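Engineer: Pasting target_10.txt here (compact mmCIF, C-alpha atoms and all ligand atoms):
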```
# COMPACT_ATOMS: atom_id res chain seq x y z
CA MET A 1 -65.44 -104.17 19.37
CA ASN A 2 -68.41 -106.57 19.59
CA ILE A 3 -69.55 -107.26 16.00
CA LYS A 4 -73.22 -106.65 16.89
CA ILE A 5 -72.31 -103.21 18.25
CA LYS A 6 -70.32 -102.42 15.09
CA LYS A 7 -73.40 -103.27 13.03
CA ILE A 8 -75.57 -100.94 15.15
CA ILE A 9 -73.13 -98.06 14.68
CA LEU A 10 -72.92 -98.77 10.95
CA LYS A 11 -76.70 -98.42 10.67
CA LYS A 12 -76.40 -94.70 11.43
CA LYS A 13 -73.82 -94.25 8.66
CA ASN A 14 -76.06 -96.18 6.26
CA LYS A 15 -79.15 -94.26 7.39
CA THR A 16 -80.90 -97.52 8.30
CA LYS A 17 -83.26 -97.22 11.25
CA ILE A 18 -82.40 -99.15 14.42
CA VAL A 19 -85.32 -101.10 15.87
CA CYS A 20 -85.41 -101.76 19.63
CA LEU A 21 -87.91 -103.16 22.11
CA THR A 22 -87.85 -104.25 25.74
CA ALA A 23 -88.13 -107.84 27.02
CA TYR A 24 -88.17 -109.34 30.48
CA SER A 25 -88.79 -112.97 29.60
CA LYS A 26 -87.65 -115.74 27.28
CA SER A 27 -91.01 -116.09 25.52
CA ILE A 28 -91.25 -112.45 24.45
CA ALA A 29 -87.53 -112.26 23.63
CA LYS A 30 -87.91 -115.25 21.28
CA ILE A 31 -90.36 -113.28 19.14
CA LEU A 32 -88.43 -110.01 19.30
CA ASP A 33 -85.04 -111.51 18.48
CA LYS A 34 -86.18 -112.47 14.98
CA HIS A 35 -87.06 -108.89 14.09
CA VAL A 36 -85.34 -106.22 16.17
CA ASP A 37 -81.75 -104.99 16.37
CA ILE A 38 -81.64 -104.39 20.12
CA VAL A 39 -83.46 -106.07 22.99
CA LEU A 40 -83.36 -104.09 26.23
CA VAL A 41 -83.98 -105.65 29.61
CA GLY A 42 -85.27 -102.37 31.00
CA ASP A 43 -85.91 -101.41 34.59
CA SER A 44 -89.37 -100.49 33.28
CA MET A 45 -90.10 -104.03 34.50
CA ALA A 46 -90.78 -102.28 37.81
CA ASN A 47 -93.94 -100.67 36.41
CA VAL A 48 -94.88 -103.31 33.87
CA LEU A 49 -94.29 -106.54 35.79
CA TYR A 50 -94.17 -105.58 39.42
CA GLY A 51 -96.83 -102.84 39.45
CA GLN A 52 -94.53 -100.34 41.13
CA LYS A 53 -95.04 -96.61 40.70
CA ASN A 54 -91.47 -95.96 39.56
CA THR A 55 -88.34 -97.87 38.59
CA HIS A 56 -86.42 -97.21 41.80
CA LYS A 57 -86.86 -100.49 43.62
CA ILE A 58 -85.57 -102.78 40.88
CA ASN A 59 -82.31 -104.26 42.10
CA ILE A 60 -79.42 -106.03 40.48
CA GLU A 61 -80.82 -109.51 41.30
CA ASN A 62 -84.13 -108.66 39.55
CA ILE A 63 -82.27 -107.46 36.47
CA ILE A 64 -79.97 -110.49 36.38
CA GLN A 65 -82.84 -112.94 36.85
CA HIS A 66 -84.90 -111.49 33.99
CA THR A 67 -81.85 -111.15 31.74
CA LEU A 68 -81.02 -114.84 32.25
CA SER A 69 -84.51 -115.64 31.01
CA VAL A 70 -84.30 -113.26 28.01
CA LYS A 71 -80.78 -114.40 27.08
CA GLN A 72 -82.04 -117.94 26.42
CA SER A 73 -83.84 -116.63 23.32
CA ILE A 74 -81.24 -114.20 22.00
CA LYS A 75 -79.57 -115.41 18.82
CA LYS A 76 -78.98 -112.37 16.65
CA SER A 77 -79.99 -109.15 18.39
CA LEU A 78 -77.87 -107.02 20.72
CA LEU A 79 -78.78 -107.60 24.36
CA VAL A 80 -78.59 -104.45 26.49
CA VAL A 81 -79.35 -104.43 30.21
CA ASP A 82 -80.36 -101.50 32.41
CA MET A 83 -78.20 -100.81 35.44
CA PRO A 84 -80.70 -100.31 38.27
CA LYS A 85 -80.85 -97.08 40.26
CA GLY A 86 -78.15 -96.99 42.93
CA THR A 87 -75.87 -99.51 41.21
CA TYR A 88 -73.62 -96.89 39.59
CA LYS A 89 -73.27 -94.31 42.36
CA ASN A 90 -69.51 -94.13 41.96
CA ILE A 91 -66.89 -95.52 39.61
CA ASN A 92 -65.83 -98.56 41.64
CA TYR A 93 -69.38 -99.59 42.48
CA ALA A 94 -70.45 -99.16 38.85
CA LEU A 95 -67.53 -101.24 37.63
CA LYS A 96 -68.23 -104.01 40.13
CA ASN A 97 -71.94 -104.13 39.29
CA ALA A 98 -71.54 -103.86 35.52
CA ARG A 99 -68.95 -106.67 35.58
CA ASN A 100 -71.32 -108.77 37.70
CA ILE A 101 -74.24 -108.23 35.28
CA ILE A 102 -72.09 -109.09 32.26
CA LYS A 103 -70.41 -112.08 33.87
CA LYS A 104 -73.67 -113.62 35.08
CA THR A 105 -75.87 -112.88 32.06
CA LYS A 106 -73.43 -112.70 29.11
CA CYS A 107 -75.33 -109.64 27.87
CA ASP A 108 -73.63 -107.41 25.30
CA ALA A 109 -73.88 -104.02 27.00
CA VAL A 110 -75.30 -102.05 29.91
CA LYS A 111 -77.37 -98.85 29.89
CA LEU A 112 -76.94 -95.99 32.36
CA GLU A 113 -79.22 -92.99 32.85
CA ASN A 114 -77.52 -89.61 32.78
CA PHE A 115 -77.17 -87.88 36.13
CA GLN A 116 -74.83 -85.04 37.04
CA ASN A 117 -71.34 -85.96 35.79
CA ASN A 118 -71.80 -89.68 35.40
CA TYR A 119 -70.38 -89.62 31.89
CA LYS A 120 -67.15 -90.11 33.87
CA ILE A 121 -68.50 -93.49 34.98
CA ILE A 122 -69.28 -94.37 31.37
CA LYS A 123 -65.68 -93.46 30.46
CA GLU A 124 -64.32 -95.82 33.11
CA LEU A 125 -66.64 -98.69 32.12
CA VAL A 126 -65.68 -98.31 28.46
CA LYS A 127 -61.99 -98.19 29.41
CA ASN A 128 -62.60 -101.54 31.09
CA LYS A 129 -64.13 -102.96 27.89
CA ILE A 130 -67.74 -102.73 29.04
CA PRO A 131 -69.94 -101.43 26.21
CA VAL A 132 -72.34 -98.72 27.39
CA MET A 133 -75.53 -97.20 26.06
CA GLY A 134 -76.29 -93.71 27.45
CA HIS A 135 -79.74 -92.35 28.29
CA ILE A 136 -80.68 -88.67 28.49
CA GLY A 137 -83.86 -86.58 28.65
CA PHE A 138 -86.63 -87.84 30.89
CA THR A 139 -84.58 -90.26 32.99
CA PRO A 140 -87.06 -92.07 35.30
CA GLN A 141 -84.40 -93.07 37.85
CA PHE A 142 -83.66 -89.41 38.59
CA LYS A 143 -86.62 -87.26 37.46
CA LYS A 144 -89.90 -87.30 39.31
CA LYS A 145 -92.27 -85.15 37.33
CA PHE A 146 -92.87 -85.97 33.68
CA LYS A 147 -92.09 -83.15 31.28
CA ILE A 148 -90.95 -82.98 27.66
CA GLN A 149 -87.23 -82.20 27.82
CA GLY A 150 -85.36 -79.55 25.85
CA THR A 151 -88.16 -77.08 25.28
CA SER A 152 -86.12 -74.04 26.38
CA LYS A 153 -82.79 -72.90 24.91
CA LYS A 154 -81.06 -73.55 28.24
CA GLU A 155 -82.39 -77.11 28.43
CA LEU A 156 -81.50 -77.76 24.80
CA LEU A 157 -77.90 -76.62 25.31
CA LYS A 158 -77.57 -78.80 28.41
CA LEU A 159 -78.93 -81.83 26.53
CA ILE A 160 -76.51 -81.25 23.64
CA SER A 161 -73.61 -80.89 26.05
CA ASP A 162 -74.59 -84.06 27.98
CA ALA A 163 -75.02 -86.05 24.77
CA LYS A 164 -71.58 -84.99 23.51
CA LEU A 165 -69.91 -85.82 26.83
CA ILE A 166 -71.53 -89.26 26.77
CA GLU A 167 -70.35 -89.82 23.20
CA LYS A 168 -66.84 -88.66 24.11
CA ALA A 169 -66.86 -91.00 27.12
CA GLY A 170 -67.19 -93.86 24.64
CA ALA A 171 -70.88 -94.87 24.73
CA PHE A 172 -71.85 -96.70 21.52
CA SER A 173 -75.35 -95.22 21.40
CA ILE A 174 -77.73 -93.10 23.43
CA VAL A 175 -81.42 -93.23 24.32
CA LEU A 176 -83.28 -89.92 23.98
CA GLU A 177 -86.36 -90.13 26.18
CA CYS A 178 -89.14 -87.59 25.70
CA LEU A 179 -87.11 -84.86 24.02
CA SER A 180 -88.65 -82.04 22.01
CA ILE A 181 -88.59 -82.62 18.25
CA ASN A 182 -85.99 -79.91 17.83
CA SER A 183 -83.67 -81.28 20.51
CA ALA A 184 -83.88 -84.83 19.12
CA ARG A 185 -83.13 -83.60 15.60
CA ILE A 186 -80.17 -81.42 16.61
CA ILE A 187 -78.61 -84.07 18.87
CA THR A 188 -79.05 -86.80 16.27
CA ASN A 189 -77.37 -84.58 13.67
CA GLN A 190 -74.50 -83.61 15.93
CA LEU A 191 -73.58 -87.07 17.26
CA LYS A 192 -71.66 -89.78 15.43
CA ILE A 193 -73.17 -92.50 17.64
CA PRO A 194 -76.80 -93.53 16.99
CA THR A 195 -79.65 -92.00 18.96
CA ILE A 196 -82.55 -94.25 20.00
CA GLY A 197 -85.73 -92.30 20.60
CA ILE A 198 -88.69 -92.94 22.86
CA GLY A 199 -91.30 -90.22 22.73
CA SER A 200 -88.70 -88.10 20.91
CA SER A 201 -90.02 -87.88 17.34
CA LYS A 202 -88.89 -89.60 14.16
CA TYR A 203 -85.68 -87.56 14.05
CA CYS A 204 -83.66 -90.24 15.82
CA ASP A 205 -81.53 -93.02 14.35
CA GLY A 206 -83.73 -95.66 15.93
CA GLN A 207 -86.77 -96.15 18.11
CA ILE A 208 -87.56 -98.06 21.27
CA LEU A 209 -90.85 -98.76 23.03
CA VAL A 210 -91.76 -100.80 26.06
CA THR A 211 -93.12 -103.99 24.45
CA ASP A 212 -96.04 -104.42 26.84
CA ASP A 213 -97.17 -100.85 26.01
CA MET A 214 -97.15 -101.37 22.23
CA LEU A 215 -98.91 -104.72 22.65
CA GLY A 216 -101.70 -103.12 24.67
CA LEU A 217 -100.96 -105.17 27.75
CA SER A 218 -99.51 -102.73 30.27
CA GLY A 219 -102.43 -100.35 30.76
CA PHE A 220 -99.98 -97.45 30.32
CA TYR A 221 -100.49 -95.62 27.09
CA PRO A 222 -98.96 -92.15 26.90
CA LYS A 223 -99.40 -90.22 23.66
CA PHE A 224 -96.11 -91.41 22.18
CA VAL A 225 -97.08 -95.09 22.40
CA LYS A 226 -98.64 -96.61 19.31
CA LYS A 227 -100.69 -99.63 20.35
CA TYR A 228 -100.15 -102.22 17.60
CA VAL A 229 -102.58 -104.70 19.09
CA ASN A 230 -104.92 -104.89 22.07
CA LEU A 231 -103.55 -108.02 23.72
CA GLU A 232 -105.47 -107.34 26.91
CA ARG A 233 -108.72 -107.78 24.99
CA ILE A 234 -107.47 -110.86 23.13
CA ILE A 235 -106.24 -112.57 26.32
CA GLU A 236 -109.43 -111.73 28.15
CA LYS A 237 -111.48 -113.33 25.38
CA ALA A 238 -109.46 -116.55 25.68
CA VAL A 239 -109.70 -116.57 29.48
CA LYS A 240 -113.48 -116.09 29.27
CA LYS A 241 -113.80 -119.01 26.82
CA TYR A 242 -111.70 -121.25 29.06
CA THR A 243 -113.75 -120.27 32.13
CA ARG A 244 -116.97 -121.07 30.30
CA ASP A 245 -115.61 -124.43 29.11
CA VAL A 246 -114.48 -125.46 32.58
CA LYS A 247 -117.75 -124.42 34.19
CA LYS A 248 -119.81 -126.26 31.57
CA ASN A 249 -117.57 -129.33 31.77
CA LYS A 250 -116.54 -128.86 28.13
CA PHE A 251 -112.84 -128.92 28.96
CA PRO A 252 -110.99 -131.24 29.16
CA THR A 253 -112.74 -133.60 26.77
CA ILE A 254 -111.40 -137.07 26.03
CA SER A 255 -109.26 -135.69 23.15
CA TYR A 256 -106.99 -133.94 25.66
CA PHE A 257 -105.90 -137.25 27.26
O1 LIG B 1 -86.48 -99.29 31.20
C1 LIG B 1 -86.79 -99.14 30.01
O2 LIG B 1 -87.62 -99.85 29.45
C2 LIG B 1 -86.11 -98.07 29.28
C3 LIG B 1 -86.65 -97.69 27.93
C4 LIG B 1 -87.94 -97.03 28.08
C5 LIG B 1 -85.71 -96.87 27.16
O3 LIG B 1 -85.18 -97.51 29.77
```
Kindly present the structure from the file in structure tokens form.
Structural biologist:
Amino acid sequence: MNIKIKKIILKKKNKTKIVCLTAYSKSIAKILDKHVDIVLVGDSMANVLYGQKNTHKINIENIIQHTLSVKQSIKKSLLVVDMPKGTYKNINYALKNARNIIKKTKCDAVKLENFQNNYKIIKELVKNKIPVMGHIGFTPQFKKKFKIQGTSKKELLKLISDAKLIEKAGAFSIVLECLSINSARIITNQLKIPTIGIGSSKYCDGQILVTDDMLGLSGFYPKFVKKYVNLERIIEKAVKKYTRDVKKNKFPTISYF
């Protein structure tokens, strides 16, 4: 097993939190890599970078292109890449696409959103030595309307069952997106593999956020996002200064030659 993956799994045993963020470019990845355990090239790039209303149009070329950029800065963290919607419709297609992503980008693992019985696809990928991160709860590739997941007993039991099937299929960890506090706590307690929460309370083994959201750059700030800085404001200030300088002929001065 990949040593970086072993270390991630060990963190659950040692009760050390797993820190994850998304990256789509080399410059952001360079900063993240020094601090986080996992960098995810998420299909959230659809919303964040391409201004699309959902993640459905991101294709394998988009994912590979951005991962190649991110990979240039990855030295110590685990690099996980989202498989875009439609790229894991059946076992053979999933295997072909996952192999393609790994071969071209040299990433460490792929992530698949849970849908129907696709834990069987995870099982096949793992059998073929492709490390997989699962993803349950609010899965944007398959669910249209946002809702906290696992609020009823029936939903909770389904989430527990899905999480256990994904673990049994061989996934090394699992993202819990927008689960009720209770569901996140129960699933985290019942699984041996680490859970990575987003909008799913502190009762997860690790946390992930979309980097542009926590930097205050995406314009998308649901309740579960803590904005650590308002980069939009900071960048705007700099752009305004530059504009003023150019207009007043204050830039470039002789010192910039
Ligand atoms: O695409 C993404 O960024 C994700 C995270 C939100 C988990 O899947």
Engineer: Smallest atom-to-atom distance to A:Val132: which of A:Tyr119, A:Phe172, A:Tyr221, A:Tyr24, using all atoms listed in the file?
Structural biologist: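 So, comparing all the options, the nearest one is A:Phe172.
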Engineer: So which residues touch A:Thr105 within 10 Å, counting only C-alpha atoms, skipping near sequence neighbours fewer than 5 positions away, as a ChimeraX atom specification?
Structural biologist: /A:63-72,79,81,99-100
Engineer: Check which residues fall inside 10 Å of ligand LIG 1 (chain B) when counting only C-alpha atoms and all ligand atoms, and print them as number ranges by chain.
Structural biologist: A: 20-24, 39-48, 55, 81-84, 111-113, 134-136, 138-141, 174-178, 196-199, 207-212
Engineer: Which of these residues is nearest to A:Leu157, using only C-alpha atoms: A:Asn249, A:Pro194, A:Ser183, A:Ser25?
Structural biologist: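 The shortest atom-to-atom distance to A:Leu157 comes from A:Ser183.
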Engineer: Please measure the separation of atom CA of A:Tyr242 and atom CA of A:Tyr50, giving the value in Å to one decimal.
Structural biologist: 25.7 Å
